Amino acid sequence: MHSFEFIRAADQAAAIATAAQSKTAEQGADVRFLGGGTTLIDLMKLNVETPARVLDINRLPLDKIETTSDGGLRIGAMARNSDLANHARVQKDYSVLSQAILQGASAQIRNMATVGGNLLQRTRCVYFRDTAMACNKREPGSGCPAITGRNRTLAILGASEHCIATNPSDMCVALAVLEATVHIQGTKSLRAVAFGDFHLLPGNTPHRETVLEPGDLITHITLPPLAGSKQIYLKLRDRASYEFALASAAVVLTIASGKITRAHIALGGVGTKPWRSPEAEAALAGKPANDSTYLQAAEAALRQAKPQSENKFKIELAKRCLTHALRMAAAS
Amino acid sequence: MATSQQSTSSPIGRDTLRIDGPRKVTGLAKYASDFHFPGMLYAVPVEATIANGKLLTLNTAAAEKMPGVRAVLHRGNIGKIFRSTPAPGFYRICLERRPPFEDDTIRYWGQYIALAVADTFEAAKAAADAIRATYSKEKPNVESHLEPQNDPGVILAAYGPVERLQSHRGDAGAAFDGAAVKLDETYGTPAETHNPLELHSTVALWDGPTLTLYDSTQGVVNLRSVLAQMFGLPKENVRVISKFLGSGFGGKLYPWTHVSLAAAAARQLGKPVKLVVSRKMMFQSVGHRARTQQRVRLGASRDGKLVSLQHDYIYHMSMLDAYHEDCGEATPFHYSVPNLRVSFGRARRNIGATADMRGPGAVPGLYATESAMNELAERLKMDPVQFRILNEPKLDESLNLPFSSRHYVECLNLGAEKFGWSKRNPAVGSMKRDGLTLGWGMAGAAWVAGTFAAEANLQLRDDGTARIACATQDIGTGTYTILAQLASHKTGVPLEKVDVELGDSALPDGPISGGSLATSSVIPAVFKAADQAIASLLIIAVTTPGSPFLGHKPDDLALEGGRVFVKTEGPALGVAFADLLQGANVRLVSGTGSAEMTAFAPNQKFSKHSFGCHFVEVTWQPETARLRVSRVMTVMDAGRILNPLAGRNQIQGAVVMGIGMALFEATSYDPQNGAPINSNLADYMMTVNADAPPIDVHFLDYPDKEINELGARGIGEIGLAGIAAAITSAVHHATGVYVRELPVKIEDLIA
């Protein structure tokens, strides 16, 4: 771990002003906000993150979870994952979010991890996390040994020839189907970014993972009102707990008279970002709620998938995951 | 001659809480890295970031200038570290003999190339990270497919010479060719890494020519002998202390290179030095279980009698060392078969040294042979339990010796009954519950029994307490408690009044905590020590003026329940030994006992092993490719169980580890650079609590009197033997897929 300066932000404006001095908000940032620290401190110990200044924002008043005027939900960026998962409104109206969070990490980590931090969770690719290895995400242009190396857990959707790292978040997969909006206070203005636009595909800039610029502070997330839907988050992994998804599916389904009137679908553990699937949604909309429809949706969701050398099975696994999640949602 | 009798209040065979439990849960128990000394420095090794090649340059300039840094040590300035060498007998064992920094050749990823020493751990780590090395690099060989290298018929392995044709009788090849029903399959097990909770740690202090090491070791006596040789010292100048261990699983049996690095740094800088190996380094430089590839050929008659067994295995090993992964350990005696051949080959790789890991050899070996037994039973359309019973031997057919105590068939029958095996429908995928497909499988287990050499000292003191001392260790398995039980059993001193001293090479030489032999090894030594101490006590009883026993001969007297009495009068008229000692103005009497090694010795009269079996249920949900172990029934024939509470705990822990062996654990090497790439507790998957099912454990509890007076064998390892074969058989029963390359992965089941 490198030496760093530890600062506590007096208020939001001061935090933003300090962070704006960073050359970048992406890999290599010299100022980092500290939320729960469950990703940042870990990566600092590995020398993957080497900020000169760590800016503690834990005392900023950004941890409220409250109903919005339109009946949706406003979630403060500093709300802890466990508080969000166990919030009564979330359990009642956005249960896919609660399910997703509670299937991730451990109770201790969820108690620390913040919502804003979870949006910025970094990949678990072993090459990214080891500074002895080349990695285009960590050191642009150095190469991607994962492509010819150990890539069993890596992405089959959204990868590029420069990076195949999986986004590991469970929470983000649920936020994708809930059509969340990320609210970001920058040095100049407060912007609202649709969830699907927040994370970037690796392309030839895998070190750029989000739209954040220096000084940008995620203040909160909003969820539109959503009632009367069936929601499921199904996570498949090697062991029963404390393990990232090999494949997961978030499903929000509305069924009327045996027909699917609305479907929001996203996949986790398989994409370089939380993977919303308009293809699957199109395959479901207006169709009868039965296995044949679900299988077609799963086929559609994975049609563009390109396996790595060790993870062809993830295509079949993701299909089974989505099909079964749809079955579970319909039966719920 | 004084004799002692078993007290009716003996704690032997009773569920006994750990006497060291309160110290552990209150934080009083000090592990190696908990020791601090004035002026102590911290050392962090620098790891090679190639797996094959030469170290060309080492740039330490920036690191040396960093705040708090005392030195950067390397080949040029570490000072002399000599080689340790093999010795006859089970003595001075070290699985990586090359002293650190001895040459510039890099043979595995993570080999230490330098050592940063600083005032704080943080400063030392920062300095280690700032050291830059250049290399000439060659492609490393970490290939998992193994082909045997050219080896002579007899190889010199870490524990001594081994014949590559390990065991043979009859004509296995011809009998196989002529067999009515055959099986010829190859089973693979991956490299596995020991992951005890406690990291390897050493604190080294010099006082003139004497060296003291606080070390997380499973063998203080062995470590003393190795380090004495490496620093050119008489052994009395080296003291090794290991009071508590956060387990070791075999990885801490013998010293690794960081121990001599810490000692050399402390010598060089004239200060105590602490070195804690990181979790990542534990995947590189402190041993691992070898990858194995095992071809098993079985032949049987149509009615299920084995006619031929061939077990030919290959394992990987490091470039320099010679650890023998003895997969054939249990094969020659486990079943009755007239024609048998067990042989092995080896393949060197650019990896760190291989080492003992819980149930070394026999655990991967029995995975292969027990899997083959299950697969052949299926071809024979026989129940696998009945198939095993049909091939039960009358004696050890490889040695032509009777078994000292073998109740394998009783294990199988009892396990089957308790599990409900008779309800098994053998058709694949035929059993269902709650929408899940069930798979039932079983397998047998065996593990060697015997004793290591051991010495112990027992004191009886005038306050009614006893002290038992032995330079063995408690690696978390309950040795403190066992020693107290043994002392209490012989003297009648209640457990809470027995002080146990262990984990210090200054005490009488004790056994390593390995081979599941520690308990069985200390029994004869402790009992002889107790007899000697009691004999001294009885002399005092018959000679001290004012003693009620004046005029008796020592032989007339006995000690039971803490009281000395005339045998013909009974203990009711006895005197507390504390009163006798006080009356004689004697603080304590003491006795020392020792016993020779009997394990692995030639010319034995009996074949000594423990036996057991596992019955396993898995659940399988094909819709989600979700496989879970849902229940395990284990029966063990492991001699007399001294502490059933600790014993069950041992077996349950081993079964949990076996679930990991079957379904999760594998050290994965990067094919290009040779690094163990999943070198952390998130990416190296082990069983978590949510994966651990209800585990029932039953002990047959037959004393094995050929082992020691109490008939106790050992139970540290046998619980892990066979469990993986039982699980893969259950997986096959549920899914129709027979996985022969561990661990079983989702992709094996949905291909």
# chains A, B, ... in the order shown; residues from 1 in each chain; ligands from 1

$ interface_residues --of "chain B" --to "chain A" --cutoff "10 Å" --atoms "only C-alpha atoms" --output "ChimeraX atom specification"
/B:48-50,122-123,125-127,129-130,622-628,660,663-664,668-673,675,677-680,682-683,685-692,744-751

$ residues_around --residues "Leu700 of chain B" --least-positions-apart "2" --cutoff "8 Å" --atoms "only C-alpha atoms" --output "PyMOL selection string"
chain B and resi 411+635-639+698+702

$ write_last_selection --atoms "N, CA and C atoms" --output "JSON list (two decimals), in the first residue's frame"
[["chain", "number", "residue", "atom", "x", "y", "z"],
["B", 411, "CYS", "N", -18.11, -51.16, 9.41],
["B", 411, "CYS", "CA", -18.31, -49.76, 9.02],
["B", 411, "CYS", "C", -19.31, -49.67, 7.88],
["B", 635, "VAL", "N", -18.80, -43.37, 9.08],
["B", 635, "VAL", "CA", -18.51, -44.33, 10.15],
["B", 635, "VAL", "C", -17.01, -44.58, 10.15],
["B", 636, "MET", "N", -16.41, -44.52, 11.33],
["B", 636, "MET", "CA", -14.97, -44.65, 11.43],
["B", 636, "MET", "C", -14.58, -45.76, 12.40],
["B", 637, "ASP", "N", -13.64, -46.59, 11.95],
["B", 637, "ASP", "CA", -13.02, -47.61, 12.78],
["B", 637, "ASP", "C", -11.59, -47.12, 13.00],
["B", 638, "ALA", "N", -11.42, -46.29, 14.03],
["B", 638, "ALA", "CA", -10.15, -45.59, 14.21],
["B", 638, "ALA", "C", -9.57, -45.89, 15.59],
["B", 639, "GLY", "N", -9.78, -47.12, 16.05],
["B", 639, "GLY", "CA", -9.28, -47.46, 17.38],
["B", 639, "GLY", "C", -10.15, -46.84, 18.45],
["B", 698, "HIS", "N", -20.09, -41.63, 13.29],
["B", 698, "HIS", "CA", -20.14, -42.74, 14.25],
["B", 698, "HIS", "C", -18.78, -43.39, 14.35],
["B", 702, "TYR", "N", -13.31, -49.65, 18.61],
["B", 702, "TYR", "CA", -12.59, -50.89, 18.99],
["B", 702, "TYR", "C", -11.14, -50.53, 19.32]]

$ select_by_dssp --residues "segment 228-314 of chain A" --states "strand (DSSP E or B)" --output "ChimeraX atom specification"
/A:230-236,247-256,259-268,271,275-276,288

$ closest_residue --among "A:Gly186, A:Gly196, A:Pro202, A:Gly268" --to "Glu161 of chain A" --atoms "only C-alpha atoms"
A:Pro202

$ select_by_dssp --residues "segment 260-371 of chain B" --states "helix (DSSP H, G or I)" --output "ChimeraX atom specification"
/B:260-269,281-283,331-334,362-371

$ residues_around --residues "Ala456 of chain B" --least-positions-apart "3" --cutoff "10 Å" --atoms "only C-alpha atoms" --output "VMD selection string"
chain B and resid 468 to 472 483 502 507 to 510 522 to 530 591 to 595

$ write_last_selection --atoms "C-alpha atoms" --output "compact mmCIF listing (two decimals), in the first residue's frame"
# COMPACT_ATOMS: atom_id res chain seq x y z
CA ILE B 468 2.77 -33.00 31.69
CA ALA B 469 5.39 -31.74 29.22
CA CYS B 470 6.13 -32.84 25.67
CA ALA B 471 7.57 -30.99 22.69
CA THR B 472 4.65 -31.80 20.46
CA LEU B 483 -2.31 -34.79 27.15
CA LEU B 502 3.88 -28.33 24.79
CA LEU B 507 10.74 -29.78 26.45
CA PRO B 508 11.33 -33.52 25.98
CA ASP B 509 11.30 -34.36 22.25
CA GLY B 510 7.77 -34.91 21.01
CA VAL B 522 2.45 -39.63 23.10
CA ILE B 523 0.45 -42.32 24.95
CA PRO B 524 3.34 -44.73 25.66
CA ALA B 525 5.72 -41.88 26.55
CA VAL B 526 3.23 -40.23 28.91
CA PHE B 527 2.34 -43.53 30.54
CA LYS B 528 5.98 -44.45 31.13
CA ALA B 529 6.64 -40.97 32.50
CA ALA B 530 3.67 -41.31 34.83
CA GLY B 591 9.25 -39.09 35.63
CA THR B 592 10.35 -39.19 32.03
CA GLY B 593 9.26 -41.77 29.51
CA SER B 594 10.04 -42.39 25.89
CA ALA B 595 8.94 -44.69 23.12

$ residues_around --residues "segment 250-252 of chain A" --least-positions-apart "2" --cutoff "8 Å" --atoms "only C-alpha atoms" --output "list in words"
Val96, Ala100, Val173, Ala174, Val177, Leu178, Ser229, Lys230, Gln231, Ile232, Tyr233, Leu234, Ser248, Thr254, Arg262, Ala263, His264, Ile265, Ala266, Leu267, Gly268, Leu322, Ala325, Leu326 and Ala329 of chain A

$ write_last_selection --atoms "C-alpha atoms" --output "mmCIF file, in the first residue's frame"
data_model
loop_
_atom_site.group_PDB
_atom_site.id
_atom_site.type_symbol
_atom_site.label_atom_id
_atom_site.label_comp_id
_atom_site.auth_asym_id
_atom_site.auth_seq_id
_atom_site.Cartn_x
_atom_site.Cartn_y
_atom_site.Cartn_z
ATOM 1 C CA VAL A 96 -35.645 -7.713 -7.056
ATOM 2 C CA ALA A 100 -29.986 -9.101 -5.490
ATOM 3 C CA VAL A 173 -28.322 -5.960 -12.333
ATOM 4 C CA ALA A 174 -31.457 -5.212 -10.333
ATOM 5 C CA VAL A 177 -34.334 -3.734 -14.699
ATOM 6 C CA LEU A 178 -35.755 -1.125 -12.326
ATOM 7 C CA SER A 229 -45.089 -6.618 -11.025
ATOM 8 C CA LYS A 230 -43.504 -9.966 -10.331
ATOM 9 C CA GLN A 231 -39.829 -9.687 -9.511
ATOM 10 C CA ILE A 232 -37.083 -12.265 -9.194
ATOM 11 C CA TYR A 233 -33.315 -12.186 -8.887
ATOM 12 C CA LEU A 234 -31.764 -15.595 -9.472
ATOM 13 C CA SER A 248 -27.593 -14.190 -12.704
ATOM 14 C CA THR A 254 -46.272 -8.091 -15.526
ATOM 15 C CA ARG A 262 -44.306 -6.002 -19.663
ATOM 16 C CA ALA A 263 -40.875 -7.572 -19.128
ATOM 17 C CA HIS A 264 -37.631 -6.022 -17.940
ATOM 18 C CA ILE A 265 -34.679 -8.362 -18.131
ATOM 19 C CA ALA A 266 -31.038 -8.026 -17.146
ATOM 20 C CA LEU A 267 -28.210 -10.513 -16.702
ATOM 21 C CA GLY A 268 -25.301 -10.471 -14.278
ATOM 22 C CA LEU A 322 -33.029 -16.610 -17.213
ATOM 23 C CA ALA A 325 -36.004 -16.881 -13.227
ATOM 24 C CA LEU A 326 -38.909 -16.215 -15.603
ATOM 25 C CA ALA A 329 -41.395 -14.871 -11.459
#

$ decode --residues "segment 343-388 of chain B" --atoms "N, CA and C atoms" --output "PDB file, in the first residue's frame"
ATOM      1  N   SER B 343       2.323 -48.616  -9.138  1.00  0.00           N
ATOM      2  CA  SER B 343       3.574 -47.971  -9.545  1.00  0.00           C
ATOM      3  C   SER B 343       3.332 -46.490  -9.742  1.00  0.00           C
ATOM      4  N   PHE B 344       4.421 -45.738  -9.792  1.00  0.00           N
ATOM      5  CA  PHE B 344       4.241 -44.299 -10.012  1.00  0.00           C
ATOM      6  C   PHE B 344       5.338 -43.720 -10.866  1.00  0.00           C
ATOM      7  N   GLY B 345       5.028 -42.546 -11.424  1.00  0.00           N
ATOM      8  CA  GLY B 345       5.997 -41.743 -12.158  1.00  0.00           C
ATOM      9  C   GLY B 345       5.878 -40.300 -11.694  1.00  0.00           C
ATOM     10  N   ARG B 346       6.844 -39.498 -12.114  1.00  0.00           N
ATOM     11  CA  ARG B 346       6.868 -38.123 -11.628  1.00  0.00           C
ATOM     12  C   ARG B 346       7.075 -37.155 -12.793  1.00  0.00           C
ATOM     13  N   ALA B 347       6.613 -35.929 -12.612  1.00  0.00           N
ATOM     14  CA  ALA B 347       6.784 -34.918 -13.653  1.00  0.00           C
ATOM     15  C   ALA B 347       7.126 -33.586 -12.997  1.00  0.00           C
ATOM     16  N   ARG B 348       8.293 -33.051 -13.348  1.00  0.00           N
ATOM     17  CA  ARG B 348       8.710 -31.778 -12.733  1.00  0.00           C
ATOM     18  C   ARG B 348       8.058 -30.597 -13.431  1.00  0.00           C
ATOM     19  N   ARG B 349       7.714 -29.603 -12.629  1.00  0.00           N
ATOM     20  CA  ARG B 349       7.063 -28.408 -13.143  1.00  0.00           C
ATOM     21  C   ARG B 349       7.688 -27.176 -12.486  1.00  0.00           C
ATOM     22  N   ASN B 350       7.459 -26.012 -13.105  1.00  0.00           N
ATOM     23  CA  ASN B 350       7.916 -24.754 -12.504  1.00  0.00           C
ATOM     24  C   ASN B 350       6.898 -24.272 -11.474  1.00  0.00           C
ATOM     25  N   ILE B 351       6.893 -24.989 -10.363  1.00  0.00           N
ATOM     26  CA  ILE B 351       5.949 -24.691  -9.287  1.00  0.00           C
ATOM     27  C   ILE B 351       6.704 -24.758  -7.968  1.00  0.00           C
ATOM     28  N   GLY B 352       6.128 -24.198  -6.935  1.00  0.00           N
ATOM     29  CA  GLY B 352       6.719 -24.329  -5.605  1.00  0.00           C
ATOM     30  C   GLY B 352       6.691 -25.779  -5.167  1.00  0.00           C
ATOM     31  N   ALA B 353       7.388 -26.062  -4.067  1.00  0.00           N
ATOM     32  CA  ALA B 353       7.504 -27.450  -3.618  1.00  0.00           C
ATOM     33  C   ALA B 353       6.135 -28.029  -3.272  1.00  0.00           C
ATOM     34  N   THR B 354       5.971 -29.308  -3.572  1.00  0.00           N
ATOM     35  CA  THR B 354       4.779 -30.030  -3.142  1.00  0.00           C
ATOM     36  C   THR B 354       5.020 -30.531  -1.716  1.00  0.00           C
ATOM     37  N   ALA B 355       3.947 -30.864  -1.035  1.00  0.00           N
ATOM     38  CA  ALA B 355       4.085 -31.172   0.390  1.00  0.00           C
ATOM     39  C   ALA B 355       2.923 -32.036   0.861  1.00  0.00           C
ATOM     40  N   ASP B 356       3.076 -32.493   2.097  1.00  0.00           N
ATOM     41  CA  ASP B 356       1.966 -33.194   2.748  1.00  0.00           C
ATOM     42  C   ASP B 356       0.781 -32.240   2.886  1.00  0.00           C
ATOM     43  N   MET B 357      -0.381 -32.712   2.530  1.00  0.00           N
ATOM     44  CA  MET B 357      -1.598 -31.984   2.862  1.00  0.00           C
ATOM     45  C   MET B 357      -2.585 -33.022   3.358  1.00  0.00           C
ATOM     46  N   ARG B 358      -3.201 -32.745   4.463  1.00  0.00           N
ATOM     47  CA  ARG B 358      -4.141 -33.638   5.145  1.00  0.00           C
ATOM     48  C   ARG B 358      -4.466 -34.908   4.360  1.00  0.00           C
ATOM     49  N   GLY B 359      -3.972 -36.025   4.857  1.00  0.00           N
ATOM     50  CA  GLY B 359      -4.168 -37.289   4.147  1.00  0.00           C
ATOM     51  C   GLY B 359      -3.335 -37.376   2.892  1.00  0.00           C
ATOM     52  N   PRO B 360      -2.048 -36.948   2.949  1.00  0.00           N
ATOM     53  CA  PRO B 360      -1.244 -36.945   1.728  1.00  0.00           C
ATOM     54  C   PRO B 360      -1.202 -38.337   1.098  1.00  0.00           C
ATOM     55  N   GLY B 361      -1.199 -38.378  -0.196  1.00  0.00           N
ATOM     56  CA  GLY B 361      -1.104 -39.670  -0.895  1.00  0.00           C
ATOM     57  C   GLY B 361      -2.410 -40.428  -0.873  1.00  0.00           C
ATOM     58  N   ALA B 362      -2.765 -40.920   0.278  1.00  0.00           N
ATOM     59  CA  ALA B 362      -3.940 -41.791   0.361  1.00  0.00           C
ATOM     60  C   ALA B 362      -5.229 -41.052  -0.013  1.00  0.00           C
ATOM     61  N   VAL B 363      -5.304 -39.756   0.286  1.00  0.00           N
ATOM     62  CA  VAL B 363      -6.551 -39.042  -0.031  1.00  0.00           C
ATOM     63  C   VAL B 363      -6.769 -38.935  -1.548  1.00  0.00           C
ATOM     64  N   PRO B 364      -5.796 -38.417  -2.319  1.00  0.00           N
ATOM     65  CA  PRO B 364      -5.998 -38.489  -3.769  1.00  0.00           C
ATOM     66  C   PRO B 364      -6.038 -39.930  -4.272  1.00  0.00           C
ATOM     67  N   GLY B 365      -5.223 -40.817  -3.663  1.00  0.00           N
ATOM     68  CA  GLY B 365      -5.183 -42.213  -4.106  1.00  0.00           C
ATOM     69  C   GLY B 365      -6.519 -42.900  -3.934  1.00  0.00           C
ATOM     70  N   LEU B 366      -7.112 -42.742  -2.764  1.00  0.00           N
ATOM     71  CA  LEU B 366      -8.404 -43.393  -2.516  1.00  0.00           C
ATOM     72  C   LEU B 366      -9.526 -42.757  -3.327  1.00  0.00           C
ATOM     73  N   TYR B 367      -9.383 -41.477  -3.655  1.00  0.00           N
ATOM     74  CA  TYR B 367     -10.373 -40.890  -4.567  1.00  0.00           C
ATOM     75  C   TYR B 367     -10.400 -41.704  -5.861  1.00  0.00           C
ATOM     76  N   ALA B 368      -9.202 -42.037  -6.370  1.00  0.00           N
ATOM     77  CA  ALA B 368      -9.124 -42.769  -7.640  1.00  0.00           C
ATOM     78  C   ALA B 368      -9.583 -44.219  -7.478  1.00  0.00           C
ATOM     79  N   THR B 369      -9.028 -44.926  -6.505  1.00  0.00           N
ATOM     80  CA  THR B 369      -9.345 -46.356  -6.410  1.00  0.00           C
ATOM     81  C   THR B 369     -10.792 -46.590  -5.960  1.00  0.00           C
ATOM     82  N   GLU B 370     -11.286 -45.753  -5.053  1.00  0.00           N
ATOM     83  CA  GLU B 370     -12.672 -45.931  -4.610  1.00  0.00           C
ATOM     84  C   GLU B 370     -13.657 -45.519  -5.716  1.00  0.00           C
ATOM     85  N   SER B 371     -13.292 -44.528  -6.518  1.00  0.00           N
ATOM     86  CA  SER B 371     -14.126 -44.201  -7.679  1.00  0.00           C
ATOM     87  C   SER B 371     -14.186 -45.384  -8.632  1.00  0.00           C
ATOM     88  N   ALA B 372     -13.011 -45.990  -8.866  1.00  0.00           N
ATOM     89  CA  ALA B 372     -12.964 -47.141  -9.767  1.00  0.00           C
ATOM     90  C   ALA B 372     -13.809 -48.290  -9.219  1.00  0.00           C
ATOM     91  N   MET B 373     -13.762 -48.501  -7.920  1.00  0.00           N
ATOM     92  CA  MET B 373     -14.587 -49.552  -7.306  1.00  0.00           C
ATOM     93  C   MET B 373     -16.067 -49.273  -7.560  1.00  0.00           C
ATOM     94  N   ASN B 374     -16.465 -48.014  -7.402  1.00  0.00           N
ATOM     95  CA  ASN B 374     -17.875 -47.667  -7.644  1.00  0.00           C
ATOM     96  C   ASN B 374     -18.264 -47.876  -9.097  1.00  0.00           C
ATOM     97  N   GLU B 375     -17.361 -47.490  -9.983  1.00  0.00           N
ATOM     98  CA  GLU B 375     -17.684 -47.625 -11.414  1.00  0.00           C
ATOM     99  C   GLU B 375     -17.731 -49.096 -11.833  1.00  0.00           C
ATOM    100  N   LEU B 376     -16.827 -49.895 -11.252  1.00  0.00           N
ATOM    101  CA  LEU B 376     -16.847 -51.316 -11.609  1.00  0.00           C
ATOM    102  C   LEU B 376     -18.096 -51.993 -11.029  1.00  0.00           C
ATOM    103  N   ALA B 377     -18.486 -51.599  -9.829  1.00  0.00           N
ATOM    104  CA  ALA B 377     -19.709 -52.161  -9.229  1.00  0.00           C
ATOM    105  C   ALA B 377     -20.897 -51.915 -10.149  1.00  0.00           C
ATOM    106  N   GLU B 378     -20.913 -50.727 -10.726  1.00  0.00           N
ATOM    107  CA  GLU B 378     -22.021 -50.416 -11.617  1.00  0.00           C
ATOM    108  C   GLU B 378     -21.994 -51.310 -12.862  1.00  0.00           C
ATOM    109  N   ARG B 379     -20.794 -51.514 -13.394  1.00  0.00           N
ATOM    110  CA  ARG B 379     -20.691 -52.405 -14.561  1.00  0.00           C
ATOM    111  C   ARG B 379     -21.106 -53.827 -14.217  1.00  0.00           C
ATOM    112  N   LEU B 380     -20.831 -54.192 -12.959  1.00  0.00           N
ATOM    113  CA  LEU B 380     -21.206 -55.540 -12.504  1.00  0.00           C
ATOM    114  C   LEU B 380     -22.677 -55.622 -12.123  1.00  0.00           C
ATOM    115  N   LYS B 381     -23.352 -54.467 -12.140  1.00  0.00           N
ATOM    116  CA  LYS B 381     -24.735 -54.364 -11.660  1.00  0.00           C
ATOM    117  C   LYS B 381     -24.837 -54.856 -10.207  1.00  0.00           C
ATOM    118  N   MET B 382     -23.834 -54.503  -9.459  1.00  0.00           N
ATOM    119  CA  MET B 382     -23.811 -54.870  -8.039  1.00  0.00           C
ATOM    120  C   MET B 382     -23.915 -53.619  -7.192  1.00  0.00           C
ATOM    121  N   ASP B 383     -24.446 -53.790  -6.000  1.00  0.00           N
ATOM    122  CA  ASP B 383     -24.449 -52.698  -5.050  1.00  0.00           C
ATOM    123  C   ASP B 383     -22.997 -52.436  -4.613  1.00  0.00           C
ATOM    124  N   PRO B 384     -22.568 -51.179  -4.585  1.00  0.00           N
ATOM    125  CA  PRO B 384     -21.157 -50.910  -4.257  1.00  0.00           C
ATOM    126  C   PRO B 384     -20.760 -51.338  -2.842  1.00  0.00           C
ATOM    127  N   VAL B 385     -21.714 -51.347  -1.928  1.00  0.00           N
ATOM    128  CA  VAL B 385     -21.402 -51.813  -0.567  1.00  0.00           C
ATOM    129  C   VAL B 385     -21.149 -53.321  -0.597  1.00  0.00           C
ATOM    130  N   GLN B 386     -22.062 -54.056  -1.263  1.00  0.00           N
ATOM    131  CA  GLN B 386     -21.912 -55.509  -1.338  1.00  0.00           C
ATOM    132  C   GLN B 386     -20.648 -55.900  -2.095  1.00  0.00           C
ATOM    133  N   PHE B 387     -20.337 -55.131  -3.147  1.00  0.00           N
ATOM    134  CA  PHE B 387     -19.125 -55.393  -3.930  1.00  0.00           C
ATOM    135  C   PHE B 387     -17.880 -55.295  -3.031  1.00  0.00           C
ATOM    136  N   ARG B 388     -17.847 -54.288  -2.185  1.00  0.00           N
ATOM    137  CA  ARG B 388     -16.712 -54.135  -1.276  1.00  0.00           C
ATOM    138  C   ARG B 388     -16.660 -55.279  -0.264  1.00  0.00           C
TER     139      ARG B 388
END
